[in-house]
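Shown next: final-v3.csv, containing CSV, C-alpha atoms.
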chain,number,residue,atom,x,y,z
A,1,MET,CA,-90.9,-41.8,67.4
A,2,THR,CA,-89.6,-45.1,66.1
A,3,ALA,CA,-90.5,-47.1,63.1
A,4,TYR,CA,-90.9,-50.9,63.6
A,5,GLY,CA,-90.1,-53.0,60.6
A,6,PHE,CA,-90.1,-56.6,59.4
A,7,HIS,CA,-86.9,-58.4,58.7
A,8,ALA,CA,-87.1,-61.0,55.9
A,9,SER,CA,-84.6,-63.8,56.5
A,10,HIS,CA,-83.7,-65.4,53.2
A,11,GLU,CA,-81.7,-68.1,54.9
A,12,GLN,CA,-84.8,-69.5,56.6
A,13,VAL,CA,-87.9,-68.8,54.5
A,14,PRO,CA,-88.5,-69.5,50.8
A,15,PRO,CA,-88.8,-66.2,48.9
A,16,ALA,CA,-92.4,-66.6,47.9
A,17,ASP,CA,-93.4,-67.2,51.5
A,18,LEU,CA,-91.3,-64.1,52.5
A,19,LEU,CA,-93.1,-62.0,49.9
A,20,ALA,CA,-96.5,-63.0,51.4
A,21,ALA,CA,-95.1,-62.3,54.9
A,22,VAL,CA,-93.9,-58.8,54.1
A,23,VAL,CA,-97.3,-57.9,52.6
A,24,ARG,CA,-99.0,-59.3,55.7
A,25,ALA,CA,-96.6,-57.3,57.9
A,26,GLU,CA,-97.5,-54.0,56.1
A,27,GLY,CA,-101.1,-54.8,56.6
A,28,ALA,CA,-100.5,-55.6,60.3
A,29,GLY,CA,-98.9,-52.2,61.0
A,30,PHE,CA,-95.2,-52.7,60.4
A,31,THR,CA,-93.9,-49.5,58.8
A,32,ALA,CA,-90.5,-50.7,57.3
A,33,ALA,CA,-88.8,-53.8,56.0
A,34,MET,CA,-85.3,-55.1,55.3
A,35,CYS,CA,-83.8,-58.4,54.2
A,36,SER,CA,-80.5,-60.3,54.3
A,37,ASP,CA,-78.4,-61.0,51.3
A,38,HIS,CA,-76.7,-64.4,51.6
A,39,PHE,CA,-75.6,-67.2,49.3
A,40,SER,CA,-75.6,-69.7,52.1
A,41,PRO,CA,-77.7,-70.2,55.2
A,42,TRP,CA,-76.1,-70.3,58.7
A,43,SER,CA,-77.4,-73.9,59.2
A,44,VAL,CA,-78.5,-76.8,57.2
A,45,ARG,CA,-81.7,-76.8,59.3
A,46,GLN,CA,-82.4,-73.2,58.0
A,47,GLY,CA,-82.2,-74.6,54.5
A,48,GLU,CA,-82.9,-71.6,52.2
A,49,SER,CA,-80.9,-68.8,50.4
A,50,GLY,CA,-83.1,-66.8,48.0
A,51,PHE,CA,-81.6,-64.1,45.9
A,52,ALA,CA,-82.2,-60.8,47.7
A,53,TRP,CA,-82.3,-58.4,44.8
A,54,SER,CA,-84.9,-60.0,42.7
A,55,TRP,CA,-87.0,-60.5,45.8
A,56,LEU,CA,-86.6,-56.8,46.7
A,57,GLY,CA,-88.1,-55.7,43.3
A,58,ALA,CA,-91.1,-58.0,43.9
A,59,ALA,CA,-91.5,-56.8,47.5
A,60,LEU,CA,-91.4,-53.1,46.7
A,61,GLN,CA,-94.0,-53.6,44.0
A,62,ALA,CA,-96.2,-55.8,46.2
A,63,THR,CA,-96.3,-53.3,49.1
A,64,ASP,CA,-97.8,-49.8,49.1
A,65,ARG,CA,-95.5,-47.4,50.9
A,66,ILE,CA,-93.0,-49.0,53.4
A,67,PRO,CA,-89.3,-48.4,52.8
A,68,PHE,CA,-87.0,-51.4,52.3
A,69,GLY,CA,-83.3,-52.0,52.9
A,70,VAL,CA,-80.7,-54.7,52.4
A,71,VAL,CA,-77.4,-55.6,53.9
A,72,ASN,CA,-74.9,-56.2,51.2
A,73,ALA,CA,-71.1,-57.0,51.0
A,74,PRO,CA,-69.5,-55.6,47.8
A,75,GLY,CA,-66.0,-56.5,46.7
A,76,GLN,CA,-65.9,-60.2,46.2
A,77,ARG,CA,-69.1,-62.0,45.4
A,78,TYR,CA,-70.5,-58.8,44.1
A,79,HIS,CA,-68.5,-56.3,41.9
A,80,PRO,CA,-69.3,-52.8,43.3
A,81,ALA,CA,-70.5,-51.6,39.8
A,82,ILE,CA,-73.1,-54.3,39.8
A,83,VAL,CA,-74.2,-53.3,43.4
A,84,ALA,CA,-74.4,-49.7,42.2
A,85,GLN,CA,-76.6,-50.7,39.2
A,86,ALA,CA,-78.9,-52.7,41.5
A,87,ILE,CA,-79.2,-49.9,44.0
A,88,GLY,CA,-79.7,-47.4,41.2
A,89,SER,CA,-82.5,-49.3,39.5
A,90,LEU,CA,-84.5,-50.0,42.6
A,91,ALA,CA,-84.1,-46.4,43.8
A,92,ALA,CA,-85.2,-45.1,40.4
A,93,MET,CA,-88.3,-47.3,40.4
A,94,TYR,CA,-89.3,-46.6,44.0
A,95,PRO,CA,-88.0,-43.1,45.0
A,96,GLY,CA,-87.5,-42.6,48.7
A,97,ARG,CA,-88.2,-46.3,49.6
A,98,PHE,CA,-84.8,-48.0,49.4
A,99,TRP,CA,-81.6,-48.0,51.3
A,100,ALA,CA,-78.6,-50.3,51.3
A,101,ALA,CA,-76.3,-51.1,54.2
A,102,LEU,CA,-72.8,-52.1,53.2
A,103,GLY,CA,-70.5,-54.4,55.2
A,104,SER,CA,-67.3,-56.4,54.7
A,105,GLY,CA,-69.0,-59.8,54.5
A,106,GLU,CA,-68.6,-63.3,55.7
A,107,ALA,CA,-66.6,-66.2,54.2
A,108,SER,CA,-69.7,-68.4,54.1
A,109,ASN,CA,-71.1,-66.3,51.3
A,110,GLU,CA,-67.9,-64.9,49.6
A,111,HIS,CA,-65.7,-68.1,49.3
A,112,ILE,CA,-67.8,-69.2,46.3
A,113,THR,CA,-65.7,-67.1,44.0
A,114,GLY,CA,-62.7,-69.2,44.8
A,115,ASP,CA,-60.7,-66.0,45.7
A,116,ARG,CA,-58.8,-65.9,48.9
A,117,TRP,CA,-60.7,-64.7,51.9
A,118,PRO,CA,-58.8,-61.5,53.1
A,119,ARG,CA,-57.9,-60.4,56.6
A,120,LYS,CA,-60.4,-58.1,58.3
A,121,ASP,CA,-58.3,-54.9,57.7
A,122,VAL,CA,-58.0,-55.7,54.0
A,123,ARG,CA,-61.8,-56.4,53.8
A,124,ASN,CA,-62.4,-53.0,55.4
A,125,ALA,CA,-60.1,-51.3,53.0
A,126,ARG,CA,-61.8,-53.1,50.1
A,127,LEU,CA,-65.2,-52.0,51.4
A,128,ARG,CA,-64.1,-48.4,51.6
A,129,GLU,CA,-63.0,-48.5,48.0
A,130,CYS,CA,-66.4,-50.0,47.0
A,131,VAL,CA,-68.3,-47.3,48.9
A,132,ASP,CA,-66.5,-44.6,47.0
A,133,ILE,CA,-67.0,-46.4,43.6
A,134,ILE,CA,-70.8,-47.0,44.3
A,135,ARG,CA,-71.3,-43.3,45.3
A,136,ALA,CA,-69.5,-42.0,42.2
A,137,LEU,CA,-71.5,-44.2,39.9
A,138,LEU,CA,-74.8,-43.2,41.5
A,139,ARG,CA,-73.8,-39.6,41.0
A,140,GLY,CA,-73.4,-40.3,37.3
A,141,GLU,CA,-69.7,-40.3,37.1
A,142,GLU,CA,-67.6,-42.6,34.8
A,143,VAL,CA,-65.4,-44.6,37.1
A,144,SER,CA,-62.1,-46.3,36.5
A,145,HIS,CA,-60.3,-47.7,39.5
A,146,ASP,CA,-57.3,-49.9,40.2
A,147,GLY,CA,-56.9,-51.1,43.8
A,148,LEU,CA,-58.3,-53.9,45.8
A,149,VAL,CA,-61.1,-53.9,43.3
A,150,THR,CA,-60.8,-53.0,39.6
A,151,VAL,CA,-63.2,-50.9,37.6
A,152,ASP,CA,-62.8,-50.0,33.9
A,153,ARG,CA,-64.8,-47.1,32.6
A,154,ALA,CA,-68.1,-48.0,34.3
A,155,ARG,CA,-71.1,-45.6,34.0
A,156,LEU,CA,-74.7,-46.0,35.2
A,157,TRP,CA,-77.1,-45.1,32.5
A,158,THR,CA,-80.2,-45.6,34.7
A,159,ARG,CA,-80.0,-43.7,38.0
A,160,PRO,CA,-82.4,-42.3,40.6
A,161,GLU,CA,-82.9,-38.6,40.9
A,162,THR,CA,-81.7,-38.8,44.5
A,163,VAL,CA,-78.9,-41.0,45.7
A,164,PRO,CA,-80.4,-43.4,48.3
A,165,PRO,CA,-78.7,-43.7,51.7
A,166,LEU,CA,-75.7,-46.0,51.9
A,167,VAL,CA,-75.6,-47.2,55.5
A,168,GLY,CA,-72.8,-48.7,57.5
A,169,ALA,CA,-73.2,-52.1,59.1
A,170,ALA,CA,-71.4,-52.4,62.5
A,171,CYS,CA,-71.4,-54.7,65.5
A,172,SER,CA,-68.6,-53.0,67.5
A,173,GLU,CA,-67.7,-49.5,68.7
A,174,ALA,CA,-64.6,-49.5,66.5
A,175,THR,CA,-66.5,-50.3,63.3
A,176,ALA,CA,-69.2,-47.8,64.2
A,177,ARG,CA,-66.6,-45.1,64.6
A,178,TRP,CA,-65.1,-46.0,61.2
A,179,CYS,CA,-68.5,-46.0,59.5
A,180,ALA,CA,-69.0,-42.4,60.7
A,181,GLU,CA,-66.4,-41.4,58.1
A,182,TRP,CA,-68.5,-42.4,55.2
A,183,ALA,CA,-72.0,-43.7,56.0
A,184,ASP,CA,-75.4,-42.1,55.7
A,185,GLY,CA,-76.6,-44.0,58.8
A,186,LEU,CA,-75.8,-47.0,60.9
A,187,ILE,CA,-77.4,-50.5,61.4
A,188,THR,CA,-76.4,-52.9,64.1
A,189,VAL,CA,-77.9,-56.0,65.8
A,190,ASN,CA,-79.4,-56.5,69.3
A,191,ALA,CA,-76.9,-56.7,72.1
A,192,PRO,CA,-76.9,-55.7,75.8
A,193,ARG,CA,-78.2,-52.2,76.3
A,194,GLU,CA,-74.8,-50.8,77.4
A,195,THR,CA,-73.1,-52.4,74.3
A,196,LEU,CA,-75.7,-50.8,72.1
A,197,ARG,CA,-75.4,-47.4,73.9
A,198,ARG,CA,-71.6,-47.5,73.3
A,199,ILE,CA,-72.0,-48.3,69.6
A,200,VAL,CA,-74.5,-45.5,69.2
A,201,ASP,CA,-72.3,-43.1,71.1
A,202,ALA,CA,-69.2,-44.1,69.1
A,203,TYR,CA,-71.0,-43.4,65.8
A,204,ARG,CA,-72.5,-40.1,66.8
A,205,SER,CA,-69.4,-38.8,68.6
A,206,ALA,CA,-67.3,-39.5,65.5
A,207,GLY,CA,-69.7,-37.3,63.5
A,208,GLY,CA,-72.0,-40.1,62.2
A,209,VAL,CA,-75.1,-38.8,60.5
A,210,GLY,CA,-78.5,-40.2,59.4
A,211,GLU,CA,-80.8,-42.8,60.8
A,212,LEU,CA,-79.9,-45.4,63.4
A,213,ARG,CA,-81.3,-48.8,62.7
A,214,LEU,CA,-81.4,-52.0,64.8
A,215,GLN,CA,-82.1,-55.5,63.8
A,216,VAL,CA,-83.6,-57.5,66.7
A,217,HIS,CA,-83.6,-61.3,66.8
A,218,LEU,CA,-86.6,-62.6,68.7
A,219,SER,CA,-88.6,-65.7,69.3
A,220,TRP,CA,-92.3,-65.7,70.3
A,221,ALA,CA,-94.8,-68.5,70.6
A,222,PRO,CA,-98.0,-68.8,72.7
A,223,ASP,CA,-96.0,-71.0,75.1
A,224,LEU,CA,-92.5,-70.4,76.4
A,225,GLU,CA,-91.2,-73.9,75.7
A,226,THR,CA,-92.1,-73.7,72.0
A,227,ALA,CA,-90.4,-70.2,71.7
A,228,GLN,CA,-87.3,-71.6,73.3
A,229,GLU,CA,-87.2,-74.7,71.2
A,230,LEU,CA,-87.6,-72.9,67.9
A,231,ALA,CA,-84.9,-70.4,68.8
A,232,HIS,CA,-82.5,-73.2,69.7
A,233,ASP,CA,-83.3,-75.1,66.6
A,234,GLN,CA,-83.0,-72.2,64.2
A,235,TRP,CA,-80.5,-69.7,65.7
A,236,ARG,CA,-78.0,-71.6,67.8
A,237,THR,CA,-75.5,-71.3,64.9
A,238,ASN,CA,-75.7,-67.5,65.1
A,239,VAL,CA,-74.5,-67.0,68.6
A,240,HIS,CA,-70.8,-67.0,67.6
A,241,GLY,CA,-69.3,-63.5,67.4
A,242,PRO,CA,-66.4,-62.3,65.3
A,243,PRO,CA,-64.1,-63.6,64.0
A,244,ALA,CA,-65.8,-67.0,63.9
A,245,SER,CA,-69.0,-65.5,62.3
A,246,TRP,CA,-66.8,-63.9,59.6
A,247,ASP,CA,-64.5,-66.8,58.9
A,248,LEU,CA,-66.5,-70.1,59.1
A,249,ASP,CA,-67.2,-71.0,55.5
A,250,SER,CA,-70.2,-73.3,55.3
A,251,ALA,CA,-73.6,-74.2,56.9
A,252,GLU,CA,-72.2,-77.6,57.8
A,253,VAL,CA,-69.2,-76.1,59.7
A,254,PHE,CA,-71.6,-73.7,61.6
A,255,ASP,CA,-73.7,-76.7,62.6
A,256,SER,CA,-70.7,-78.6,63.7
A,257,VAL,CA,-69.3,-75.9,66.0
A,258,SER,CA,-72.8,-75.2,67.4
A,259,GLU,CA,-73.7,-78.8,68.3
A,260,HIS,CA,-73.3,-78.2,72.0
A,261,VAL,CA,-74.7,-74.6,72.2
A,262,SER,CA,-77.2,-74.5,75.0
A,263,PRO,CA,-80.6,-72.8,75.0
A,264,ASP,CA,-79.4,-70.4,77.6
A,265,ARG,CA,-76.6,-69.3,75.3
A,266,VAL,CA,-79.1,-68.7,72.5
A,267,ALA,CA,-81.1,-66.6,74.9
A,268,GLU,CA,-78.1,-64.2,75.2
A,269,SER,CA,-78.6,-63.3,71.5
A,270,VAL,CA,-82.3,-63.8,71.0
A,271,ASN,CA,-85.2,-62.1,72.9
A,272,ILE,CA,-87.2,-65.2,73.8
A,273,SER,CA,-90.6,-64.9,75.6
A,274,ASP,CA,-94.2,-66.0,75.2
A,275,ASP,CA,-95.2,-62.7,76.9
A,276,LEU,CA,-96.1,-60.1,74.3
A,277,GLY,CA,-95.8,-57.4,76.9
A,278,ARG,CA,-92.2,-58.4,77.6
A,279,HIS,CA,-91.4,-58.1,73.9
A,280,ALA,CA,-93.0,-54.7,73.8
A,281,ALA,CA,-90.9,-53.6,76.7
A,282,TRP,CA,-87.7,-54.8,75.0
A,283,LEU,CA,-88.6,-52.9,71.9
A,284,GLN,CA,-89.3,-49.7,73.8
A,285,GLU,CA,-85.9,-50.0,75.5
A,286,TYR,CA,-84.3,-50.0,72.0
A,287,ALA,CA,-86.3,-46.9,71.0
A,288,ASP,CA,-85.2,-45.2,74.2
A,289,LEU,CA,-81.6,-45.7,73.1
A,290,GLY,CA,-82.2,-43.5,70.1
A,291,PHE,CA,-82.8,-46.0,67.3
A,292,ASP,CA,-85.0,-44.5,64.6
A,293,THR,CA,-86.0,-47.9,63.1
A,294,VAL,CA,-86.1,-51.3,64.8
A,295,MET,CA,-86.4,-54.3,62.5
A,296,LEU,CA,-88.0,-57.4,64.0
A,297,HIS,CA,-86.6,-60.8,63.0
A,298,HIS,CA,-88.7,-63.6,64.4
A,299,VAL,CA,-86.2,-66.5,64.1
A,300,GLY,CA,-88.8,-69.2,63.4
A,301,LYS,CA,-89.5,-70.3,59.9
A,302,GLU,CA,-93.3,-69.7,60.1
A,303,GLN,CA,-94.0,-65.9,60.2
A,304,SER,CA,-97.7,-65.4,60.1
A,305,ALA,CA,-98.6,-66.0,63.8
A,306,PHE,CA,-95.8,-63.7,64.8
A,307,ILE,CA,-96.8,-60.9,62.4
A,308,ASP,CA,-100.5,-61.1,63.5
A,309,ALA,CA,-99.7,-61.2,67.2
A,310,PHE,CA,-97.2,-58.3,67.1
A,311,GLY,CA,-99.4,-56.3,64.9
A,312,ALA,CA,-102.4,-56.7,67.2
A,313,LYS,CA,-100.8,-56.7,70.6
A,314,VAL,CA,-97.2,-55.3,70.5
A,315,LEU,CA,-97.1,-52.4,68.0
A,316,PRO,CA,-100.1,-50.6,69.6
A,317,GLN,CA,-98.2,-50.5,72.9
A,318,LEU,CA,-95.3,-48.6,71.2
A,319,ASP,CA,-94.8,-45.0,69.9
A,320,VAL,CA,-94.9,-45.9,66.2
A,321,THR,CA,-94.1,-43.6,63.4
A,322,ARG,CA,-95.6,-44.2,60.0
A,323,PRO,CA,-93.2,-42.9,57.3
A,324,PRO,CA,-94.6,-41.3,54.2
A,325,ALA,CA,-94.1,-42.9,50.8
A,326,ALA,CA,-90.9,-40.9,50.2
A,327,VAL,CA,-88.4,-40.8,53.1
A,328,ALA,CA,-85.9,-38.0,52.9
A,329,GLU,CA,-82.5,-38.5,54.4
A,330,GLY,CA,-79.4,-36.5,54.1
A,331,VAL,CA,-76.8,-38.3,51.9
A,332,ARG,CA,-73.2,-37.7,51.1

Give the structure from the file, written as structure tokens.
Amino acid sequence: MTAYGFHASHEQVPPADLLAAVVRAEGAGFTAAMCSDHFSPWSVRQGESGFAWSWLGAALQATDRIPFGVVNAPGQRYHPAIVAQAIGSLAAMYPGRFWAALGSGEASNEHITGDRWPRKDVRNARLRECVDIIRALLRGEEVSHDGLVTVDRARLWTRPETVPPLVGAACSEATARWCAEWADGLITVNAPRETLRRIVDAYRSAGGVGELRLQVHLSWAPDLETAQELAHDQWRTNVHGPPASWDLDSAEVFDSVSEHVSPDRVAESVNISDDLGRHAAWLQEYADLGFDTVMLHHVGKEQSAFIDAFGAKVLPQLDVTRPPAAVAEGVR
């Protein structure tokens, strides 16, 4: 059975509104949650960029039992020791309810340090160093490291009893295969079924362990035209795959290169329909591919109508698992 969660998009919705939304989502039957961790939105029209880690503390306290995750990029904007401290504190306060996905990041968030934006192979190598540093700190070791990142005698004094899952973030077969070397699970984003099947197979065949998670971008409204319009308004900047999505460095540049993106192009990246049954069928297809958790991201700014409609009409059509307060996963 698959858990269906709520994705909190800090780039689009003020943090106080997102807090209310995730509480509403739990009440509506969503059984998991996650959020983005950006310094900049993808578009000026999105217009928000709340701080994920302070929001996560509030969201975990405001909800009763659902697990939360975040996608984070250590190594430039965040020193890995600070990421380890943030993970350790949340996991200590909310045992079994927190996981973190680690990725190599995007220039739009990382350029703020003024440091050079590295090549993808260098970013991957830096991420791998950060993963090892974070794991060692969460195990209670004192860490010194000289490499693509530098650590001097760091030690976490507040740690959880159990190290939470550190999940790999991947959008390609090659990255999924690489994540299998170090990750406690995998998260990816919606794509054509065969693409997702290949990503899952690449991770599992390379020995990848843990849960498979999927973030799904969708747009729903009571009428199709409204659903199409809000998807085009809010998410046309997000249709660009790598390396553009990695290397463009501001919301203004994303808006400029997306000026002529058509609604049909957006529909290739976002599940758009006014038919709740169609949305349920899409979600069941993802579950059938083997995803343990599917995170639903309604790309509109207003979340309440989506939460209520999916809670009442979509989730009851699916095989939904309700995780206990503490979620056990094998970690490395």

Using all atoms listed in the file, find each residue of segment 12-81 of chain A with at least one atom at most 12 Å away from an atom of segment 157-164 of chain A; report its shortest atom-to-atom pair and that distance in Å (one decimal), sort the rows by chain and rising residue number, and return the result as a Markdown table.
| residue | atom | partner | partner_atom | distance |
| --- | --- | --- | --- | --- |
| A:Pro67 | CA | A:Pro164 | CA | 11.2 |
| A:Phe68 | CA | A:Pro164 | CA | 11.1 |
| A:Gly69 | CA | A:Pro164 | CA | 10.2 |
| A:Ala81 | CA | A:Trp157 | CA | 11.8 |

Given all atoms listed in the file as the basis, pick out the residue of A:Asp146, A:Asp115, A:Glu194, A:Asp275 nearest to Leu224 of chain A. A:Asp275

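Across the structure, atom CA of Ala28 of chain A and atom CA of Ala312 of chain A are spaced 7.2 Å apart.
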
In file coordinates, which residues lie within 12 Å of (-72.3, -52.7, 63.5) using all atoms listed in the file, given as number ranges by chain? A: 71, 101-105, 167-180, 183, 185-191, 195-196, 198-200, 202-203, 212-215, 241-242

To one decimal in Å, tell me the separation between atom CA of Glu106 of chain A and atom CA of Gly50 of chain A. 16.8 Å

Residue contacts of Pro14 of chain A (9 Å, all atoms listed in the file) excluding same-chain residues fewer than 2 positions away, as a list in words: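 Once the nearby chain positions are removed, what remains is Ser9, His10, Glu11, Gln12, Ala16, Asp17, Leu18, Leu19, Gly47, Glu48, Ser49 and Gly50 of chain A.
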
Could you check the closest approach to Arg193 of chain A for each of A:Asn72, A:Gln46, A:Asn238, A:Gln284 and tell me which residue wins, using only C-alpha atoms?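 The shortest atom-to-atom distance to Arg193 of chain A comes from A:Gln284.
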
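Between atom CA of Ile272 of chain A and atom CA of Ala221 of chain A there is a distance of 8.9 Å.
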
Compare A:Thr113, A:Pro80, A:Asn124, A:Trp182 by their minimum atom-to-atom distance to Leu138 of chain A, counting all atoms listed in the file, and give me the closest one.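 Counting all atoms listed in the file, the residue closest to Leu138 of chain A is A:Pro80.
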
Taking only C-alpha atoms into account, name the residue in A:His260, A:Glu129, A:Ile307, A:Pro316 that is nearest to Ala25 of chain A.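 The closest residue to Ala25 of chain A is A:Ile307.
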
A:His297, A:His217, A:Lys313, A:Leu156: which is nearest Gly5 of chain A, counting all atoms listed in the file?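 Closest to Gly5 of chain A of all the choices is A:His297.
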
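With distances taken over all atoms listed in the file, A:Ser258 is the one residue among A:Ser273, A:Thr63, A:Ser258, A:Ser304 lying closest to Trp235 of chain A.
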
Please provide as a list in words all residues within 12 Å of Gly147 of chain A, with the sequence filter that same-chain residues fewer than 5 positions apart are discarded (counting all atoms listed in the file). Gly75, Val122, Ala125, Arg126, Leu127, Arg128, Glu129, Cys130, Ile133 and Asp152 of chain A
